[in-house]
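Student: Below is a structure I'd like to ask you about.
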Amino acid sequence: MTDTPEPTKAHFRDDVTVDLVKSAAADSDVLFAARVSTAGEQSLEEITKDPERSKGLINYLMRDRHGSPFEHNSMTFFISAPIFVFREFMRHRVGWSYNEESGRYRELEPVFYTPGESRKLIQRGRPGKYEFVEGTPEQHALTTRVMEDSYRQAYEAYQEMLAAGVAREVARSVLPVGLFSTMYATCNARSLMHFLGLRTQHELARVPSFPQREIEMVGEQMEQHWARLMPLTYAAFNKNGRVAP
Ligand SMILES: Cc1cc2nc3c(=O)[nH]c(=O)nc-3n(C[C@H](O)[C@H](O)[C@H](O)COP(=O)(O)OP(=O)(O)OC[C@H]3O[C@@H](n4cnc5c(N)ncnc54)[C@H](O)[C@@H]3O)c2cc1C
């Protein structure tokens with residue numbers, strides 16, 4: 001009898017997660033900041049006593065792109081997503097702070113991305129304006145099988161090097177961009193709106209964008225959290241074509 005090696009224990013995911021871990025963000029923050037220019041310091045009571053006027057002011061600021069009142073708030077998200085998503089995410093430099101788990105100080109877990117059944121697999125069209133269409137069941141099965149095999153092989157190579165005493169920062173070179181990572185990302189409503197304008201597709205967008213689906217999945221979850229915190233600002237963003245002020 002021959003010993004068959006145990007397959008690498010890997011975990012495959014087709015989702016991303018976004019938790020709102022901390023926030024200080026409300027529509028009243030926008031109103032305070034905007035009204036200081038005309039009325040000086042104000043109480044929350046004064047700010048909230050005329051909801052229609054508040055809604056109108058936020059809409060005016062959004063429409064005329066008076067952006068700075070939307071910066072006096074903060075949201076911290078804990079995001080779990082593949083490394084290729086974080087590569088795109090960290091291109092957003094302004095109004096964002098990031099801290100990501102380290103591949104130097106800890107052993108990376110074998111958690112990898114495989115596209116779910118609803119992920120459109122086939123790309124048509126030209127750069128910058130691709131259209132994605134459904135893959136066949138065979139294409140999905142092949143993609144899953146090839147990805148899983150490749151991920152296992154890469155992780156085995158990583159483990160072999162670690163077992164031989166090679167430093168984590170050297171061994172990690174063999175790991176693919178489909179590996180999951182985690183990070184804290186802190187932003188404000190203005191920087192989030194800029195992100196959402198570029199990284200989501202939406203029927204109300206005045207300037208359509210064509211983001212990769214996986215970063216859009218992250219964006220959609222951040223958007224839901226933000227919409228609950230700042231409903232008037234969120235409504236004004238949509239009403240004005242989802243262009244950051
Ligand atoms: C669909 C899509 C496809 C993409 N494809 C590619 C690609 O193929 N290759 C690639 O490299 N990137 C690509 N990107 C990334 C893109 O080029 C931007 O880096 C990313 O969207 C971040 O946008 P941003 O610079 O506006 O954001 P931020 O860095 O957050 O900047 C916000 C705003 O601040 C101002 N600003 C920031 N830095 C400067 C500066 N140095 N000088 C002047 N003004 C500044 C600008 O007004 C900018 O819009 C793509 C993005 C999208 C959405």
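Labels for the structure tokens follow display order: chains A, B, ..., residues from 1 in each chain, ligands from 1.
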Could you pull out the strand (DSSP E or B) residues of range 67-112 of chain A from DSSP and send them as a list in words?

Tutor: Ser74, Met75, Thr76, Phe77, Phe78, Ile79, Ser80, Ala81, Pro82, Trp96, Ser97, Tyr98, Asn99, Glu100, Val111 and Phe112 of chain A

Student: List the spatial neighbours of range 189-192 of chain A as a PDB file with C-alpha atoms, in the first residue's frame - criterion: any atom at most 6 Å away, only C-alpha atoms, same-chain residues fewer than 4 positions off excluded.

Tutor:
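The file below, out.pdb, is the result:
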ATOM      1  CA  PHE A  70     -18.215  66.188   3.369  1.00  0.00           C
ATOM      2  CA  GLU A  71     -14.774  65.571   4.898  1.00  0.00           C
ATOM      3  CA  GLY A  95      -8.631  60.801   2.094  1.00  0.00           C
TER       4      GLY A  95
END

Student: Taking only residues of range 32-78 of chain A that have an atom at most 9 Å from an atom of range 221-235 of chain A, what is each one's shortest atom pair and its distance in Å to one decimal, using only C-alpha atoms, in chain and number order, as a Markdown table?

Tutor:
| residue | atom | partner | partner_atom | distance |
| --- | --- | --- | --- | --- |
| A:Ser54 | CA | A:Leu232 | CA | 8.5 |
| A:Lys55 | CA | A:Leu232 | CA | 6.2 |
| A:Ile58 | CA | A:Thr233 | CA | 6.4 |
| A:Asn59 | CA | A:Thr233 | CA | 7.5 |
| A:Met62 | CA | A:Thr233 | CA | 8.1 |
| A:Phe70 | CA | A:Thr233 | CA | 8.4 |
| A:Met75 | CA | A:Trp226 | CA | 8.1 |
| A:Phe77 | CA | A:Met222 | CA | 7.7 |

Student: Smallest atom-to-atom distance to Phe195 in chain A: which of A:Ser209, A:Ser23, A:Gln159, A:Gln153, using only C-alpha atoms?

Tutor: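 So, comparing all the options, the nearest one is A:Ser209.
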
Student: Please extract the residues at most 12 Å from ligand 1, counting only C-alpha atoms and all ligand atoms, and provide them as a ChimeraX atom specification, using the chain letters and residue numbers of this document.

Tutor: /A:67,85-97,127-130,187-188,190-201,207-216,219,243-245

Student: Nearest to Glu107 in chain A: which of A:Arg124, A:Arg63, A:Lys22, A:Arg168 is it, counting only C-alpha atoms?

Tutor: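 Among the listed residues, the smallest separation from Glu107 in chain A belongs to A:Arg168.
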
Student: Would you mind listing what lies within 10 Å of Glu156 in chain A as number ranges by chain, with only C-alpha atoms counted and same-chain residues fewer than 2 positions away left out?

Tutor: A: 7-9, 110, 150-154, 158-162, 174-175

Student: When you draw a straight line from CA of Gly165 in chain A to CA of Phe84 in chain A, how long is it in Å?

Tutor: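 Taking CA of Gly165 in chain A and CA of Phe84 in chain A, their separation equals 27.7 Å.
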
Student: Compare A:Thr186, A:Thr114, A:Ser102, A:Gln123 by their minimum atom-to-atom distance to Leu20 in chain A, counting only C-alpha atoms, and give me the closest one.

Tutor: A:Thr186

Student: Please provide as a list in words all residues within 12 Å of Arg106 in chain A, with the sequence filter that same-chain residues fewer than 5 positions apart are discarded (counting only C-alpha atoms).

Tutor: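 Result of the neighbour search: Glu100, Glu101, Leu162, Ala167, Arg168, Glu169, Ala171, Arg172 and Ser181 of chain A.
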
Student: What's the separation between CA of Met147 in chain A and CA of Phe112 in chain A, in Å to one decimal place?

Tutor: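 CA of Phe112 in chain A lies at a distance of 8.9 Å from CA of Met147 in chain A.
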
Student: Record the distance separating CA of Arg206 in chain A and CA of Asp19 in chain A, expressed in Å with one decimal.

Tutor: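 Straight-line distance from CA of Arg206 in chain A to CA of Asp19 in chain A works out to 28.3 Å.
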
Student: Quick one: residues within 7 Å of Val133 in chain A, only C-alpha atoms, excluding same-chain residues fewer than 4 positions away - as a ChimeraX atom specification?

Tutor: /A:120-123

Student: Which of range 64-102 of chain A counts as alpha helix (DSSP H) under DSSP, as a count of residues only please?

Tutor: 7

Student: Looking at only C-alpha atoms, which of A:Arg145, A:His140, A:Arg242, A:His202 is the one that sits closest to Phe12 in chain A?

Tutor: A:Arg145

Student: Tell me which of A:Val111, A:Leu61, A:Leu179, A:Val166 sits closest to Asn240 in chain A, counting only C-alpha atoms.

Tutor: A:Leu61
